[in-house]
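Quick notes on the structure that follows.
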2 protein chains.
Amino acid sequence: MWQTGCMPTMQLPIVTTEFAVCCAPAGEVITAEEAEQLARRFKALGDPTRVRLLSLIAAHDGGEACICDLIYPVGLSQPTVSHHMKQLADAGLVTREQRGKWAYYRIVNDALTALATAITPTAQRVR
Amino acid sequence: MWQTGCMPTMQLPIVTTEFAVCCAPAGEVITAEEAEQLARRFKALGDPTRVRLLSLIAAHDGGEACICDLIYPVGLSQPTVSHHMKQLADAGLVTREQRGKWAYYRIVNDALTALATAITPTAQRVR
DNA sequence: TCGATACATCGATAGTTACCGATGCATCGA
DNA sequence: TCGATGCATCGGTAACTATCGATGTATCGA
């Protein structure tokens, strides 16, 4: 038997707030939805190329960069860089702004700050 | 031509410090190795189940939990939970301590703090 | 108007991963 | 000593993803 006491009346595939309170009186357990949200963004950070892209953008003049600024530094093809930037944009970690022929990407500081807060071990506070 | 000016003398697959200084005078660009390190850990956070596992451990009594405490809340099989915990342990986000029949996992706060610092937008400081 | 440029998308492929049941290896209690 | 428990690992599978070349779309300059 895996469940030692503290058993809800119904088998649930996710952690409900009730269960969390029941089994973890000390702190609050995040919900499956919150975990999904966080994981989606951390996943975008889970690739070395994308981490470097963020770093390059952050360090770039004006805090923004176009694809053509990024291709050479990361040493990958243009479609691949575009692909990674789309991942970052879909995760909400960067914004995209088309100006003429160029697409300028800019880091969303609030998103990164929210992630940083989520993993700051002050009782593992989430949002 | 993708590279507009600011061209190093040699094609490099990674960002060298010299290139970073050349093209991004404002800030420092992390090296490929640093990006690899960060991405490895963010990748471990890039799965909703693992995020929930961390949350469960953090909220658990004493700040530690064994596999059997985690199986029911996440609603997955024991091998799968073990698999995820191994991912987290390999990433250095949790420690494992065998006590008798049980394996107790505990969050490495310093690792999470380091990650939080890395993505804190204060000039995107890394380590 | 036309060629070049910047970028996204498509299609394909090789590598990775999340998941499970089965199994093996310890440890504990009887 | 033996069965049961807690956990890791193995083998397999389905789903995802990082990467590229080719191509399409829009913009700019001549």
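Residues in the structure tokens are named by chain (A, B, ... in the order shown) and by number from 1 within that chain; ligands are numbered from 1 in the order shown.
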Exercise. Which parts of stretch 11-101 of chain A does DSSP call helix (DSSP H, G or I) when run on the backbone here, written out as a PyMOL selection string?
Worked result: chain A and resi 17-23+32-45+48-59+61-63+67-74+78-90
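Near chain D, within 9 Å and using only C-alpha atoms (C1' of nucleotides), the residues of chain B are Ile67, Cys68, Gln78, Pro79, Ser82, His83, Lys101, Trp102 and Ala103 of chain B.
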Any idea which chain C residues end up within 12 Å of chain A if we count only C-alpha atoms (C1' of nucleotides), as a PDB file with C-alpha atoms (C1' of nucleotides), in the first residue's frame please?
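Here's the written file iface.pdb:
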```
ATOM      1  C1'  DA C   4      17.553  41.050 -52.429  1.00  0.00           C
ATOM      2  C1'  DT C   5      16.833  40.709 -47.587  1.00  0.00           C
ATOM      3  C1'  DA C   6      14.574  39.143 -43.083  1.00  0.00           C
ATOM      4  C1'  DC C   7      11.866  35.971 -41.283  1.00  0.00           C
ATOM      5  C1'  DA C   8       8.356  32.223 -40.657  1.00  0.00           C
ATOM      6  C1'  DT C   9       6.642  27.870 -41.905  1.00  0.00           C
ATOM      7  C1'  DC C  10       6.815  23.220 -43.894  1.00  0.00           C
TER       8       DC C  10
END
```
For this session: Pick out the residues sitting within 8 Å of stretch 104-113 of chain B, and hand them over as a PyMOL selection string; count only C-alpha atoms (C1' of nucleotides), and ignore anything fewer than 2 positions along from it in its own chain.
Result: (chain A and resi 119-121) or (chain B and resi 54+57-58+63-67+92-99+102+115-117)
Okay, now the selection with N, CA and C atoms, as a PDB file, in the first residue's frame?
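Printed below is result_26.pdb as written:
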```pdb
ATOM      1  N   ILE A 119      10.402  29.890  -7.528  1.00  0.00           N
ATOM      2  CA  ILE A 119      11.380  28.906  -7.045  1.00  0.00           C
ATOM      3  C   ILE A 119      12.235  29.460  -5.930  1.00  0.00           C
ATOM      4  N   THR A 120      11.895  30.625  -5.452  1.00  0.00           N
ATOM      5  CA  THR A 120      12.623  31.152  -4.296  1.00  0.00           C
ATOM      6  C   THR A 120      12.135  30.424  -3.054  1.00  0.00           C
ATOM      7  N   PRO A 121      13.065  29.780  -2.358  1.00  0.00           N
ATOM      8  CA  PRO A 121      12.693  28.821  -1.309  1.00  0.00           C
ATOM      9  C   PRO A 121      12.052  29.419  -0.070  1.00  0.00           C
TER      10      PRO A 121
ATOM     11  N   LEU B  54       8.228  18.769  -6.418  1.00  0.00           N
ATOM     12  CA  LEU B  54       8.984  19.721  -5.603  1.00  0.00           C
ATOM     13  C   LEU B  54       8.063  20.421  -4.614  1.00  0.00           C
ATOM     14  N   ILE B  57       7.166  18.055  -1.797  1.00  0.00           N
ATOM     15  CA  ILE B  57       8.261  17.860  -0.848  1.00  0.00           C
ATOM     16  C   ILE B  57       8.426  19.082   0.040  1.00  0.00           C
ATOM     17  N   ALA B  58       8.360  20.253  -0.598  1.00  0.00           N
ATOM     18  CA  ALA B  58       8.548  21.486   0.169  1.00  0.00           C
ATOM     19  C   ALA B  58       7.473  21.640   1.232  1.00  0.00           C
ATOM     20  N   GLY B  63      10.079  18.950   5.606  1.00  0.00           N
ATOM     21  CA  GLY B  63      10.756  19.354   4.386  1.00  0.00           C
ATOM     22  C   GLY B  63      11.323  18.202   3.601  1.00  0.00           C
ATOM     23  N   GLU B  64      10.889  16.999   3.922  1.00  0.00           N
ATOM     24  CA  GLU B  64      11.359  15.843   3.171  1.00  0.00           C
ATOM     25  C   GLU B  64      10.202  14.890   2.955  1.00  0.00           C
ATOM     26  N   ALA B  65      10.366  14.044   1.943  1.00  0.00           N
ATOM     27  CA  ALA B  65       9.318  13.085   1.630  1.00  0.00           C
ATOM     28  C   ALA B  65       9.943  11.880   0.958  1.00  0.00           C
ATOM     29  N   CYS B  66       9.314  10.734   1.153  1.00  0.00           N
ATOM     30  CA  CYS B  66       9.767   9.534   0.460  1.00  0.00           C
ATOM     31  C   CYS B  66       8.871   9.322  -0.757  1.00  0.00           C
ATOM     32  N   ILE B  67       9.304   8.429  -1.618  1.00  0.00           N
ATOM     33  CA  ILE B  67       8.554   8.155  -2.850  1.00  0.00           C
ATOM     34  C   ILE B  67       7.102   7.806  -2.539  1.00  0.00           C
ATOM     35  N   GLY B  92      20.482  18.155  -9.408  1.00  0.00           N
ATOM     36  CA  GLY B  92      20.969  18.808  -8.192  1.00  0.00           C
ATOM     37  C   GLY B  92      19.899  19.607  -7.467  1.00  0.00           C
ATOM     38  N   LEU B  93      18.654  19.383  -7.829  1.00  0.00           N
ATOM     39  CA  LEU B  93      17.580  20.157  -7.194  1.00  0.00           C
ATOM     40  C   LEU B  93      17.067  19.487  -5.926  1.00  0.00           C
ATOM     41  N   VAL B  94      17.323  18.216  -5.792  1.00  0.00           N
ATOM     42  CA  VAL B  94      16.956  17.513  -4.558  1.00  0.00           C
ATOM     43  C   VAL B  94      18.101  16.576  -4.168  1.00  0.00           C
ATOM     44  N   THR B  95      18.123  16.229  -2.889  1.00  0.00           N
ATOM     45  CA  THR B  95      19.067  15.224  -2.404  1.00  0.00           C
ATOM     46  C   THR B  95      18.285  13.969  -2.045  1.00  0.00           C
ATOM     47  N   ARG B  96      18.975  12.870  -2.098  1.00  0.00           N
ATOM     48  CA  ARG B  96      18.361  11.597  -1.753  1.00  0.00           C
ATOM     49  C   ARG B  96      19.091  11.000  -0.565  1.00  0.00           C
ATOM     50  N   GLU B  97      18.337  10.543   0.412  1.00  0.00           N
ATOM     51  CA  GLU B  97      18.950   9.900   1.568  1.00  0.00           C
ATOM     52  C   GLU B  97      18.182   8.634   1.887  1.00  0.00           C
ATOM     53  N   GLN B  98      18.887   7.535   1.855  1.00  0.00           N
ATOM     54  CA  GLN B  98      18.257   6.254   2.138  1.00  0.00           C
ATOM     55  C   GLN B  98      18.256   6.028   3.642  1.00  0.00           C
ATOM     56  N   ARG B  99      17.068   5.822   4.169  1.00  0.00           N
ATOM     57  CA  ARG B  99      16.959   5.487   5.596  1.00  0.00           C
ATOM     58  C   ARG B  99      16.076   4.260   5.698  1.00  0.00           C
ATOM     59  N   TRP B 102      13.191   3.307   3.176  1.00  0.00           N
ATOM     60  CA  TRP B 102      12.681   4.506   2.522  1.00  0.00           C
ATOM     61  C   TRP B 102      13.782   5.387   1.959  1.00  0.00           C
ATOM     62  N   LEU B 115      19.194  29.412  -9.395  1.00  0.00           N
ATOM     63  CA  LEU B 115      18.393  29.536 -10.609  1.00  0.00           C
ATOM     64  C   LEU B 115      17.580  30.821 -10.580  1.00  0.00           C
ATOM     65  N   ALA B 116      17.004  31.106  -9.444  1.00  0.00           N
ATOM     66  CA  ALA B 116      16.197  32.326  -9.327  1.00  0.00           C
ATOM     67  C   ALA B 116      17.060  33.550  -9.592  1.00  0.00           C
ATOM     68  N   THR B 117      18.265  33.524  -9.076  1.00  0.00           N
ATOM     69  CA  THR B 117      19.177  34.651  -9.297  1.00  0.00           C
ATOM     70  C   THR B 117      19.518  34.789 -10.778  1.00  0.00           C
TER      71      THR B 117
END
```
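The space between atom C1' of C:DC19 and atom CA of B:Thr49 spans 12.0 Å.
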For this session: Determine, counting only C-alpha atoms (C1' of nucleotides), which protein, DNA and RNA residues have an atom within 10 Å of an atom of B:Phe42; residues of the same chain fewer than 4 positions away are not included. Present the result as a VMD selection string.
Result: (chain A and resid 39 41 to 48 51) or (chain B and resid 36 to 38 46 to 47 91 93 112 115)
Suppose we keep C-alpha atoms; can you now write the selection as a PDB file, in the first residue's frame?
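So the final result, stored in out15.pdb, reads:
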```
ATOM      1  CA  ALA A  39       6.515  23.934 -16.173  1.00  0.00           C
ATOM      2  CA  ARG A  41       7.825  28.356 -18.907  1.00  0.00           C
ATOM      3  CA  PHE A  42      10.631  26.424 -17.301  1.00  0.00           C
ATOM      4  CA  LYS A  43      10.553  24.078 -20.255  1.00  0.00           C
ATOM      5  CA  ALA A  44      11.292  27.034 -22.499  1.00  0.00           C
ATOM      6  CA  LEU A  45      14.327  27.704 -20.334  1.00  0.00           C
ATOM      7  CA  GLY A  46      15.344  24.067 -20.473  1.00  0.00           C
ATOM      8  CA  ASP A  47      17.383  24.333 -23.631  1.00  0.00           C
ATOM      9  CA  PRO A  48      20.914  25.733 -23.677  1.00  0.00           C
ATOM     10  CA  VAL A  51      19.187  30.323 -22.464  1.00  0.00           C
TER      11      VAL A  51
ATOM     12  CA  GLU B  36      24.311  24.253 -20.528  1.00  0.00           C
ATOM     13  CA  GLN B  37      24.433  24.175 -16.751  1.00  0.00           C
ATOM     14  CA  LEU B  38      21.423  26.428 -16.383  1.00  0.00           C
ATOM     15  CA  GLY B  46      10.172  21.862 -17.244  1.00  0.00           C
ATOM     16  CA  ASP B  47       7.751  19.096 -16.414  1.00  0.00           C
ATOM     17  CA  ALA B  91      19.902  18.110 -11.742  1.00  0.00           C
ATOM     18  CA  LEU B  93      17.580  20.157  -7.194  1.00  0.00           C
ATOM     19  CA  LEU B 112      16.806  26.886  -6.590  1.00  0.00           C
ATOM     20  CA  LEU B 115      18.393  29.536 -10.609  1.00  0.00           C
TER      21      LEU B 115
END
```
Exercise. Which neighbours of A:Met85 fall inside 8 Å, counting only C-alpha atoms (C1' of nucleotides), when residues of the same chain fewer than 3 positions from it are skipped, and could you give them as JSON, numbers by chain?
Worked result: {"A": [50, 53, 81, 82, 88, 89, 94]}
Exercise. Could you work out how far atom CA of B:Arg40 lies from atom CA of A:Leu76, giving the answer in Å with one decimal?
Worked result: 19.5 Å
For this session: Measure the distance from atom CA of B:His84 to atom C1' of C:DC28 in Å and round it to one decimal.
Result: 26.2 Å
